[in-house]
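J.: Input file: model-v2.cif. Contents: mmCIF, C-alpha atoms.
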data_data
loop_
_atom_site.label_atom_id
_atom_site.label_comp_id
_atom_site.auth_asym_id
_atom_site.auth_seq_id
_atom_site.Cartn_x
_atom_site.Cartn_y
_atom_site.Cartn_z
CA MET A 1 14.73 17.39 4.36
CA THR A 2 13.87 21.07 4.59
CA ARG A 3 10.19 21.84 3.85
CA ARG A 4 9.81 24.66 1.35
CA SER A 5 7.97 25.56 -1.82
CA LEU A 6 9.83 24.92 -5.06
CA SER A 7 9.96 27.24 -8.04
CA PRO A 8 8.68 25.83 -11.38
CA THR A 9 12.28 25.22 -12.51
CA GLU A 10 13.18 23.51 -9.23
CA ARG A 11 10.10 21.26 -9.46
CA VAL A 12 11.13 20.14 -12.95
CA ASP A 13 14.63 19.30 -11.67
CA TRP A 14 13.18 17.48 -8.65
CA LEU A 15 11.02 15.39 -10.99
CA ARG A 16 13.94 14.75 -13.36
CA LEU A 17 16.10 13.41 -10.55
CA SER A 18 13.31 11.27 -9.09
CA ARG A 19 12.52 9.66 -12.46
CA THR A 20 16.16 8.82 -13.24
CA SER A 21 17.00 5.12 -13.42
CA GLY A 22 18.98 4.00 -10.39
CA VAL A 23 17.83 6.85 -8.17
CA GLY A 24 15.69 5.16 -5.54
CA PRO A 25 14.19 6.94 -2.51
CA VAL A 26 17.29 6.39 -0.34
CA THR A 27 19.73 7.58 -3.01
CA PHE A 28 17.47 10.53 -3.83
CA ALA A 29 17.41 11.63 -0.18
CA ARG A 30 21.19 11.29 0.19
CA LEU A 31 21.83 13.23 -3.01
CA ILE A 32 19.63 16.09 -1.80
CA GLU A 33 21.32 15.97 1.61
CA ARG A 34 24.75 16.16 0.03
CA PHE A 35 24.16 18.59 -2.85
CA GLU A 36 21.22 20.54 -1.36
CA THR A 37 19.41 21.03 -4.69
CA ALA A 38 18.18 18.63 -7.36
CA SER A 39 19.98 20.67 -10.01
CA ARG A 40 23.39 20.20 -8.39
CA ALA A 41 22.66 16.52 -7.77
CA ILE A 42 21.80 16.07 -11.46
CA ASP A 43 25.11 17.67 -12.42
CA ALA A 44 26.94 15.20 -10.14
CA LEU A 45 25.25 12.03 -11.47
CA PRO A 46 27.69 11.26 -14.34
CA GLU A 47 30.77 11.39 -12.11
CA LEU A 48 29.19 9.53 -9.18
CA SER A 49 27.91 6.72 -11.41
CA LYS A 50 31.29 6.47 -13.12
CA ARG A 51 33.00 6.06 -9.75
CA GLY A 52 30.54 3.29 -8.92
CA GLY A 53 31.65 1.36 -12.00
CA ARG A 54 29.16 2.41 -14.66
CA THR A 55 30.68 2.24 -18.14
CA LYS A 56 28.44 4.92 -19.64
CA PRO A 57 27.93 7.79 -17.17
CA LEU A 58 24.40 8.12 -15.87
CA LYS A 59 22.36 11.12 -16.96
CA ALA A 60 19.07 12.33 -15.55
CA VAL A 61 15.93 12.21 -17.64
CA SER A 62 15.69 15.23 -19.90
CA ARG A 63 13.98 18.47 -18.99
CA ASN A 64 11.59 17.91 -21.90
CA GLN A 65 10.52 14.53 -20.51
CA ALA A 66 9.82 16.00 -17.10
CA GLU A 67 7.90 18.94 -18.56
CA ASP A 68 5.87 16.53 -20.72
CA GLU A 69 4.92 14.54 -17.61
CA LEU A 70 3.81 17.69 -15.79
CA ALA A 71 1.74 18.72 -18.81
CA ASP A 72 0.21 15.23 -18.94
CA LEU A 73 -0.76 15.49 -15.27
CA GLU A 74 -2.35 18.89 -15.84
CA ARG A 75 -4.38 17.58 -18.79
CA THR A 76 -5.81 14.77 -16.67
CA GLY A 77 -6.62 17.03 -13.71
CA ALA A 78 -3.86 15.59 -11.53
CA ARG A 79 -0.94 17.26 -9.80
CA LEU A 80 2.60 16.55 -8.64
CA LEU A 81 3.65 16.84 -4.99
CA CYS A 82 7.35 16.90 -4.05
CA ALA A 83 8.48 15.55 -0.69
CA CYS A 84 9.92 18.88 0.46
CA GLU A 85 6.80 20.92 -0.30
CA PRO A 86 4.27 22.01 2.35
CA ASP A 87 1.34 20.33 0.53
CA PHE A 88 3.05 16.91 0.59
CA PRO A 89 1.23 14.64 3.12
CA ALA A 90 2.98 15.13 6.46
CA ASP A 91 2.81 11.45 7.45
CA LEU A 92 4.50 10.43 4.17
CA ALA A 93 7.09 13.20 4.51
CA ALA A 94 8.03 11.77 7.92
CA LEU A 95 9.12 8.44 6.40
CA ASP A 96 12.85 7.75 6.26
CA PRO A 97 13.16 8.22 3.37
CA PRO A 98 9.92 9.61 1.94
CA PRO A 99 8.97 8.94 -1.68
CA PRO A 100 10.59 11.82 -3.61
CA VAL A 101 7.37 12.60 -5.48
CA ILE A 102 3.79 11.46 -5.61
CA THR A 103 1.06 12.29 -8.10
CA VAL A 104 -2.48 12.78 -6.86
CA LYS A 105 -5.93 13.23 -8.38
CA GLY A 106 -9.17 14.05 -6.63
CA PRO A 107 -10.72 16.66 -4.35
CA LEU A 108 -9.90 15.03 -0.99
CA GLU A 109 -7.44 17.02 1.14
CA LEU A 110 -5.00 15.18 3.44
CA ARG A 111 -4.89 17.62 6.30
CA ASP A 112 -6.10 16.98 9.83
CA ASN A 113 -8.32 13.92 9.44
CA PRO A 114 -6.76 10.67 10.70
CA VAL A 115 -6.26 7.94 8.10
CA CYS A 116 -6.70 4.21 8.69
CA ALA A 117 -5.47 1.70 6.11
CA MET A 118 -7.66 -1.32 5.43
CA VAL A 119 -6.22 -4.24 3.47
CA GLY A 120 -6.96 -7.92 3.09
CA ALA A 121 -7.64 -10.89 0.90
CA ARG A 122 -8.44 -10.50 -2.79
CA ASN A 123 -10.57 -13.67 -2.68
CA ALA A 124 -12.31 -12.54 0.48
CA SER A 125 -15.30 -14.32 1.98
CA ALA A 126 -18.77 -12.78 1.90
CA ALA A 127 -18.55 -12.25 5.67
CA GLY A 128 -15.15 -10.59 5.33
CA LEU A 129 -16.38 -8.24 2.61
CA ARG A 130 -19.44 -7.27 4.63
CA PHE A 131 -17.47 -6.69 7.84
CA ALA A 132 -14.79 -4.66 6.04
CA GLY A 133 -17.49 -2.48 4.51
CA ASP A 134 -19.21 -2.01 7.87
CA LEU A 135 -15.93 -0.98 9.52
CA ALA A 136 -14.96 1.41 6.72
CA ARG A 137 -18.40 3.02 6.74
CA GLY A 138 -18.42 3.35 10.52
CA LEU A 139 -14.94 4.86 10.62
CA GLY A 140 -15.86 7.33 7.89
CA GLU A 141 -18.90 8.46 9.86
CA ARG A 142 -16.53 9.19 12.76
CA GLY A 143 -14.20 11.33 10.65
CA VAL A 144 -11.55 8.74 9.72
CA LEU A 145 -10.37 8.54 6.12
CA ILE A 146 -9.79 5.07 4.63
CA ALA A 147 -6.68 4.18 2.60
CA SER A 148 -6.29 1.02 0.57
CA GLY A 149 -4.84 -0.32 -2.67
CA LEU A 150 -7.86 -0.61 -5.02
CA ALA A 151 -7.31 -4.37 -5.25
CA ARG A 152 -10.07 -6.95 -5.51
CA GLY A 153 -11.75 -8.14 -2.35
CA ILE A 154 -11.28 -6.28 0.94
CA ASP A 155 -9.66 -3.22 -0.67
CA GLY A 156 -12.58 -2.67 -3.01
CA ALA A 157 -15.15 -3.20 -0.25
CA ALA A 158 -13.39 -0.65 1.99
CA HIS A 159 -13.19 1.95 -0.79
CA ALA A 160 -16.82 1.52 -1.84
CA ALA A 161 -18.08 1.85 1.73
CA SER A 162 -16.08 5.03 2.41
CA LEU A 163 -16.69 6.89 -0.84
CA GLU A 164 -19.04 9.39 0.78
CA THR A 165 -16.84 10.06 3.81
CA GLY A 166 -13.38 10.00 2.26
CA THR A 167 -11.30 7.25 0.67
CA ILE A 168 -7.73 7.15 -0.67
CA ALA A 169 -6.69 4.64 -3.34
CA VAL A 170 -2.93 4.10 -3.63
CA LEU A 171 -2.04 2.71 -7.05
CA ALA A 172 0.89 0.50 -8.02
CA GLY A 173 0.87 1.95 -11.54
CA GLY A 174 0.39 5.48 -12.78
CA LEU A 175 -2.74 7.54 -12.24
CA THR A 176 -4.13 6.66 -15.66
CA SER A 177 -3.48 2.92 -15.25
CA ILE A 178 -6.66 1.26 -13.92
CA TYR A 179 -5.94 -2.06 -12.21
CA PRO A 180 -7.77 -4.34 -11.81
CA PRO A 181 -9.94 -3.49 -14.85
CA GLU A 182 -13.17 -4.46 -13.08
CA HIS A 183 -12.64 -1.53 -10.69
CA GLU A 184 -12.89 1.08 -13.44
CA ALA A 185 -16.17 2.51 -12.12
CA LEU A 186 -14.79 2.58 -8.57
CA TYR A 187 -11.60 4.23 -9.82
CA HIS A 188 -13.56 7.05 -11.47
CA ALA A 189 -15.77 7.48 -8.42
CA ILE A 190 -12.71 7.87 -6.19
CA ALA A 191 -11.20 10.38 -8.64
CA GLU A 192 -14.40 12.45 -8.33
CA GLN A 193 -14.97 12.12 -4.58
CA GLY A 194 -11.78 10.91 -2.91
CA LEU A 195 -8.11 10.78 -3.80
CA LEU A 196 -5.96 8.67 -6.12
CA VAL A 197 -2.27 8.50 -5.20
CA SER A 198 0.68 7.10 -7.16
CA GLU A 199 4.46 7.12 -6.94
CA SER A 200 4.80 6.26 -10.65
CA PRO A 201 4.62 8.29 -13.89
CA PRO A 202 1.01 8.84 -15.04
CA ARG A 203 0.91 6.27 -17.83
CA TYR A 204 3.06 3.60 -16.19
CA SER A 205 1.59 0.06 -16.12
CA PRO A 206 2.25 -1.77 -12.84
CA GLN A 207 4.55 -4.76 -12.55
CA ALA A 208 4.90 -7.24 -9.69
CA ARG A 209 7.78 -5.31 -8.05
CA ASP A 210 5.64 -2.16 -7.81
CA PHE A 211 3.08 -3.55 -5.37
CA PRO A 212 5.37 -3.59 -2.30
CA ARG A 213 6.19 0.08 -3.05
CA ARG A 214 2.46 0.76 -3.14
CA ASN A 215 2.02 -1.03 0.18
CA ARG A 216 4.68 1.17 1.79
CA LEU A 217 2.70 4.25 0.76
CA ILE A 218 -0.57 2.80 2.08
CA SER A 219 0.90 2.30 5.55
CA GLY A 220 2.89 5.53 5.35
CA LEU A 221 -0.25 7.60 4.81
CA SER A 222 -1.97 6.03 7.80
CA LEU A 223 -1.92 6.07 11.59
CA GLY A 224 -2.61 2.35 11.56
CA VAL A 225 -3.16 -0.65 9.29
CA LEU A 226 -6.10 -3.01 9.72
CA VAL A 227 -5.93 -6.45 8.10
CA VAL A 228 -9.20 -8.23 7.34
CA GLU A 229 -8.54 -11.78 6.10
CA ALA A 230 -5.04 -12.50 4.79
CA ALA A 231 -3.37 -15.74 3.76
CA GLU A 232 0.04 -16.63 5.18
CA ARG A 233 1.90 -15.20 2.18
CA SER A 234 -0.46 -12.32 1.52
CA GLY A 235 0.65 -8.92 0.28
CA SER A 236 -1.41 -7.51 3.15
CA LEU A 237 1.23 -8.86 5.52
CA ILE A 238 3.84 -6.82 3.64
CA THR A 239 1.75 -3.72 4.38
CA ALA A 240 1.60 -4.74 8.05
CA ARG A 241 5.38 -5.21 8.12
CA TYR A 242 5.89 -1.74 6.66
CA ALA A 243 3.53 -0.38 9.31
CA LEU A 244 5.71 -1.86 12.04
CA GLU A 245 8.87 -0.41 10.47
CA GLN A 246 7.14 2.99 10.28
CA ASN A 247 5.91 2.83 13.91
CA ARG A 248 2.27 2.65 12.82
CA GLU A 249 -0.39 0.65 14.64
CA VAL A 250 -1.10 -2.87 13.36
CA MET A 251 -4.58 -4.34 13.82
CA ALA A 252 -6.29 -7.49 12.60
CA VAL A 253 -9.75 -9.03 12.54
CA PRO A 254 -9.75 -12.63 13.85
CA GLY A 255 -10.95 -15.36 11.52
CA SER A 256 -11.75 -19.04 11.58
CA PRO A 257 -8.66 -21.26 12.01
CA MET A 258 -10.22 -23.52 9.37
CA ASP A 259 -10.18 -20.77 6.71
CA PRO A 260 -6.80 -20.36 4.90
CA ARG A 261 -7.75 -16.74 4.21
CA ALA A 262 -7.48 -16.00 7.94
CA ARG A 263 -4.16 -17.67 8.72
CA GLY A 264 -2.04 -14.59 8.02
CA SER A 265 -4.27 -12.22 9.97
CA ASN A 266 -4.53 -14.68 12.86
CA ARG A 267 -0.73 -14.93 12.85
CA LEU A 268 -0.55 -11.15 13.20
CA LEU A 269 -2.72 -11.43 16.30
CA GLN A 270 -0.42 -14.10 17.73
CA ASP A 271 2.50 -11.74 17.12
CA GLY A 272 0.88 -8.88 19.02
CA ALA A 273 -1.41 -7.05 16.60
CA ALA A 274 -4.46 -5.43 18.19
CA LEU A 275 -7.59 -7.58 17.93
CA ILE A 276 -10.44 -5.73 16.22
CA GLN A 277 -14.12 -6.62 16.57
CA SER A 278 -15.77 -3.21 16.14
CA VAL A 279 -15.32 0.37 14.98
CA ASP A 280 -14.82 1.44 18.60
CA ASP A 281 -11.86 -0.97 18.90
CA ILE A 282 -10.17 0.79 15.98
CA LEU A 283 -10.93 4.26 17.31
CA ASP A 284 -9.44 3.32 20.68
CA ILE A 285 -6.21 2.21 18.98
CA LEU A 286 -5.99 5.24 16.70
CA SER A 287 -6.71 7.66 19.55
CA GLY A 288 -3.49 6.54 21.22
CA ALA A 289 -1.40 6.62 18.04
CA ARG A 290 1.17 9.36 17.70
CA ARG A 291 1.50 11.26 14.45
CA PRO A 292 4.99 10.66 13.02
CA LYS A 293 7.33 13.62 13.27
CA LEU A 294 9.16 15.12 10.33
CA GLN A 295 12.89 14.43 10.26
CA GLU A 296 14.73 17.64 11.00
CA PRO A 297 17.83 18.43 8.92
CA SER A 298 21.03 17.88 10.87
CA GLY A 299 22.52 21.15 9.68
CA ALA A 300 25.85 19.47 8.91
CA ASP A 301 26.94 18.67 5.40
CA TYR A 302 28.97 15.68 4.32
CA GLU A 303 32.35 17.39 4.43
CA ASP A 304 31.99 18.68 8.01
CA GLU A 305 33.23 15.37 9.39
CA PHE A 306 36.40 15.32 7.25
CA ASP A 307 39.62 17.26 7.09
CA HIS A 308 39.29 18.62 3.56
CA PRO A 309 36.71 18.77 0.75
CA ASP A 310 37.96 15.59 -0.96
CA ALA A 311 37.90 13.52 2.24
CA LEU A 312 34.49 11.96 1.56
CA ASP A 313 35.43 10.87 -1.97
CA ASN A 314 38.71 9.42 -0.75
CA ALA A 315 37.04 7.52 2.09
CA VAL A 316 34.39 6.10 -0.25
CA SER A 317 37.01 5.10 -2.82
CA ASP A 318 38.85 3.06 -0.17
CA ILE A 319 35.86 0.78 0.58
CA ARG A 320 33.58 0.88 -2.47
CA GLU A 321 34.78 -2.31 -4.15
CA ARG A 322 35.00 -4.14 -0.83
CA ILE A 323 31.31 -3.37 -0.27
CA ALA A 324 30.48 -4.49 -3.82
CA GLU A 325 32.19 -7.82 -3.10
CA LEU A 326 30.14 -8.31 0.06
CA LEU A 327 26.80 -7.81 -1.71
CA SER A 328 24.73 -10.65 -3.12
CA PRO A 329 21.11 -11.17 -4.23
CA THR A 330 20.35 -11.94 -0.56
CA PRO A 331 19.65 -8.63 1.22
CA VAL A 332 22.07 -7.45 3.92
CA SER A 333 21.73 -4.47 6.23
CA ARG A 334 23.79 -1.31 5.87
CA ASP A 335 24.81 -1.70 9.52
CA GLU A 336 26.23 -5.15 8.78
CA LEU A 337 28.25 -3.74 5.88
CA ALA A 338 29.60 -1.03 8.18
CA ARG A 339 30.60 -3.69 10.72
CA LEU A 340 32.33 -5.87 8.15
CA THR A 341 34.22 -2.98 6.56
CA GLN A 342 34.84 -1.18 9.87
CA ALA A 343 33.81 2.05 8.12
CA PRO A 344 31.42 4.77 9.36
CA THR A 345 27.82 4.18 8.28
CA ARG A 346 27.80 7.51 6.42
CA ILE A 347 30.76 6.41 4.28
CA VAL A 348 29.15 3.03 3.62
CA LEU A 349 25.93 4.73 2.52
CA ALA A 350 27.81 7.14 0.25
CA ALA A 351 29.54 4.15 -1.40
CA LEU A 352 26.19 2.36 -1.81
CA VAL A 353 24.73 5.44 -3.49
CA GLU A 354 27.51 5.33 -6.09
CA LEU A 355 26.96 1.59 -6.61
CA GLU A 356 23.20 2.05 -7.03
CA LEU A 357 23.76 4.85 -9.54
CA ALA A 358 26.03 2.45 -11.41
CA GLY A 359 23.28 -0.18 -11.49
CA ARG A 360 25.19 -2.59 -9.26
CA CYS A 361 22.92 -2.67 -6.20
CA GLU A 362 19.52 -1.71 -4.89
CA ILE A 363 19.10 0.15 -1.60
CA TRP A 364 15.81 -0.55 0.12
CA PRO A 365 14.04 1.99 2.33
CA ASN A 366 14.18 -0.39 5.30
CA GLY A 367 17.99 -0.29 5.40
CA MET A 368 18.63 -3.49 3.46
CA VAL A 369 20.77 -3.74 0.31
CA CYS A 370 21.18 -6.38 -2.38
CA SER A 371 23.21 -6.75 -5.57
CA LEU A 372 21.60 -6.56 -9.01
#
Just dump the structure as structure tokens.
T.:
Amino acid sequence: MTRRSLSPTERVDWLRLSRTSGVGPVTFARLIERFETASRAIDALPELSKRGGRTKPLKAVSRNQAEDELADLERTGARLLCACEPDFPADLAALDPPPPVITVKGPLELRDNPVCAMVGARNASAAGLRFAGDLARGLGERGVLIASGLARGIDGAAHAASLETGTIAVLAGGLTSIYPPEHEALYHAIAEQGLLVSESPPRYSPQARDFPRRNRLISGLSLGVLVVEAAERSGSLITARYALEQNREVMAVPGSPMDPRARGSNRLLQDGAALIQSVDDILDILSGARRPKLQEPSGADYEDEFDHPDALDNAVSDIRERIAELLSPTPVSRDELARLTQAPTRIVLAALVELELAGRCEIWPNGMVCSL
């Protein structure tokens, strides 16, 4: 994705496309790759969704809706960042694919300072809360920003301890949606001293499916993820899994084998996560971490690999329904679909984009796909 500043009109179109139902991060990135601008991608949505099997052709959200959202952000002192723009956090922009847009509020600048994510149990122990706070405070004093999810427990302790040195709260809902309610004072303090980040519209209330998306942003903003107390089925382990997929460092604090709140974090250590007992341990790990590199555009458009301009559409048409038949609620990888259909991965992905626009599947950023 080419990094460049967008004109006001282009930013409205970028927002319109990103807020359109059925346009997830993968589909958004492929539409921009194919059509080069959000405006041209918006024009193509009705036909692409119709090919995918949608009865009523898909249309992007209106220009008025997008302009209203931008005005709402301005009124609340927040701003929109598009994935192609120079001000978009470089570590997030390097994800494949990056979130198309984020909204941010607060004075903290994401420039050269390293970021460490700290996550853990909501029902954390007193010892876990104290240790998480000590680590966050110590890292902040050494120039490391702390990212977390504003949840109860470890998240809140990490944010509170790093307020003075720099903390980033990634929200599952919109910037004006405070969750959990008991963190209202902390939320406002971060807005004044740190940075609030969201992938959702400003007034959107979070639902259960939004928290994994939040976790992907937490790890994506960071050089590494530290887990302090996590049960075996904890959301913190989802953040750690995203970190592995994104080639970030994964660290964990050991806990008592008799405490259920430590079973997930201890399992991470068994699986190879770095064992953390002090701030210096974390700094040693982060010092060896490599900043993710931005994906460079290939320079070739979709049609370059085909004999004539309609070749892509013809190739997709030949396998689209076969792919739809192979999908189920159980996720399957795009590579597996390519193997089963004996079609190039690019053609499979183009067919999946049409099916997602039609509301027939969901394409996950980690390369998995499931039916809806």
J.: A:Arg11: which residues within 12 Å, counting all atoms listed in the file, same-chain residues fewer than 2 positions away excluded, as a PDB file with C-alpha atoms, in the frame of the given file?
T.:
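So selection-v2.pdb came out as:
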ATOM      1  CA  ARG A   4       9.810  24.660   1.350  1.00  0.00           C
ATOM      2  CA  SER A   5       7.970  25.560  -1.820  1.00  0.00           C
ATOM      3  CA  LEU A   6       9.830  24.920  -5.060  1.00  0.00           C
ATOM      4  CA  SER A   7       9.960  27.240  -8.040  1.00  0.00           C
ATOM      5  CA  PRO A   8       8.680  25.830 -11.380  1.00  0.00           C
ATOM      6  CA  THR A   9      12.280  25.220 -12.510  1.00  0.00           C
ATOM      7  CA  ASP A  13      14.630  19.300 -11.670  1.00  0.00           C
ATOM      8  CA  TRP A  14      13.180  17.480  -8.650  1.00  0.00           C
ATOM      9  CA  LEU A  15      11.020  15.390 -10.990  1.00  0.00           C
ATOM     10  CA  ARG A  16      13.940  14.750 -13.360  1.00  0.00           C
ATOM     11  CA  LEU A  17      16.100  13.410 -10.550  1.00  0.00           C
ATOM     12  CA  SER A  18      13.310  11.270  -9.090  1.00  0.00           C
ATOM     13  CA  THR A  37      19.410  21.030  -4.690  1.00  0.00           C
ATOM     14  CA  ALA A  38      18.180  18.630  -7.360  1.00  0.00           C
ATOM     15  CA  SER A  39      19.980  20.670 -10.010  1.00  0.00           C
ATOM     16  CA  ARG A  63      13.980  18.470 -18.990  1.00  0.00           C
ATOM     17  CA  ALA A  66       9.820  16.000 -17.100  1.00  0.00           C
ATOM     18  CA  GLU A  67       7.900  18.940 -18.560  1.00  0.00           C
ATOM     19  CA  GLU A  69       4.920  14.540 -17.610  1.00  0.00           C
ATOM     20  CA  LEU A  70       3.810  17.690 -15.790  1.00  0.00           C
ATOM     21  CA  ARG A  79      -0.940  17.260  -9.800  1.00  0.00           C
ATOM     22  CA  LEU A  80       2.600  16.550  -8.640  1.00  0.00           C
ATOM     23  CA  LEU A  81       3.650  16.840  -4.990  1.00  0.00           C
ATOM     24  CA  CYS A  82       7.350  16.900  -4.050  1.00  0.00           C
ATOM     25  CA  ALA A  83       8.480  15.550  -0.690  1.00  0.00           C
ATOM     26  CA  CYS A  84       9.920  18.880   0.460  1.00  0.00           C
ATOM     27  CA  GLU A  85       6.800  20.920  -0.300  1.00  0.00           C
ATOM     28  CA  PRO A 100      10.590  11.820  -3.610  1.00  0.00           C
ATOM     29  CA  VAL A 101       7.370  12.600  -5.480  1.00  0.00           C
TER      30      VAL A 101
END
J.: Pick out the closest residue to A:Ala315 from this set: A:Ser278, A:Thr345, A:Thr330, A:Thr239. Count all atoms listed in the file.
T.: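 Of all the options, A:Thr345 lies closest to A:Ala315.
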J.: Using all atoms listed in the file, which residue out of A:Ile32, A:Val115, A:Ile347, A:Val250 lies closest to A:Pro97?
T.: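 Counting all atoms listed in the file, the residue closest to A:Pro97 is A:Ile32.
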J.: What's around A:Ile319 at 9 Å? Count all atoms listed in the file, leave out sequence neighbours fewer than 6 positions away in its own chain, and write the answer as a ChimeraX atom specification.
T.: /A:341,343,347-348,351
J.: Which one of A:Gly22, A:Gly255, A:Gly173, A:Gly224 sits closest to A:Leu45 if you count all atoms listed in the file?
T.: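 Using all atoms listed in the file, A:Leu45 sits closest to A:Gly22.
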J.: Kindly resolve the PyMOL selection byres ((chain A and resi 131) around 10) on the present coordinates and return the residues as a tab-separated table (two decimals) with C-alpha atoms, in the coordinates of the input.
T.:
chain	number	residue	atom	x	y	z
A	125	SER	CA	-15.30	-14.32	1.98
A	126	ALA	CA	-18.77	-12.78	1.90
A	127	ALA	CA	-18.55	-12.25	5.67
A	128	GLY	CA	-15.15	-10.59	5.33
A	129	LEU	CA	-16.38	-8.24	2.61
A	130	ARG	CA	-19.44	-7.27	4.63
A	132	ALA	CA	-14.79	-4.66	6.04
A	133	GLY	CA	-17.49	-2.48	4.51
A	134	ASP	CA	-19.21	-2.01	7.87
A	135	LEU	CA	-15.93	-0.98	9.52
A	136	ALA	CA	-14.96	1.41	6.72
A	137	ARG	CA	-18.40	3.02	6.74
A	154	ILE	CA	-11.28	-6.28	0.94
A	157	ALA	CA	-15.15	-3.20	-0.25
A	158	ALA	CA	-13.39	-0.65	1.99
A	228	VAL	CA	-9.20	-8.23	7.34
A	253	VAL	CA	-9.75	-9.03	12.54
A	277	GLN	CA	-14.12	-6.62	16.57
A	278	SER	CA	-15.77	-3.21	16.14
J.: Using only C-alpha atoms, which residue out of A:Pro201, A:Gly140, A:Pro99, A:Gly120 lies closest to A:Gly156?
T.: A:Gly120
J.: As a check of understanding, name the residues that the PyMOL selection byres ((chain A and resi 260) around 9) selects in the supplied structure, as a PyMOL selection string.
T.: chain A and resi 229-232+256-259+261-264
J.: Skip A:Asp155 itself and residues of its chain fewer than 2 positions away, then list as a PyMOL selection string all residues within 12 Å of it, counting only C-alpha atoms.
T.: chain A and resi 117-124+128-130+132-133+136+146-153+157-162+167-171+180+183+186-187+215+218+226-230+235-236
J.: Can you measure atom CA of A:Ala94 to atom CA of A:Leu196 for me? One decimal in Å is fine.
T.: 20.1 Å
J.: Please write the residues picked by the PyMOL selection byres ((chain A and resi 316) around 10) on this file as a list in words.
T.: Arg51, Gly52, Ala311, Leu312, Asp313, Asn314, Ala315, Ser317, Asp318, Ile319, Arg320, Glu321, Ile323, Ala343, Arg346, Ile347, Val348, Leu349, Ala350, Ala351, Leu352 and Glu354 of chain A
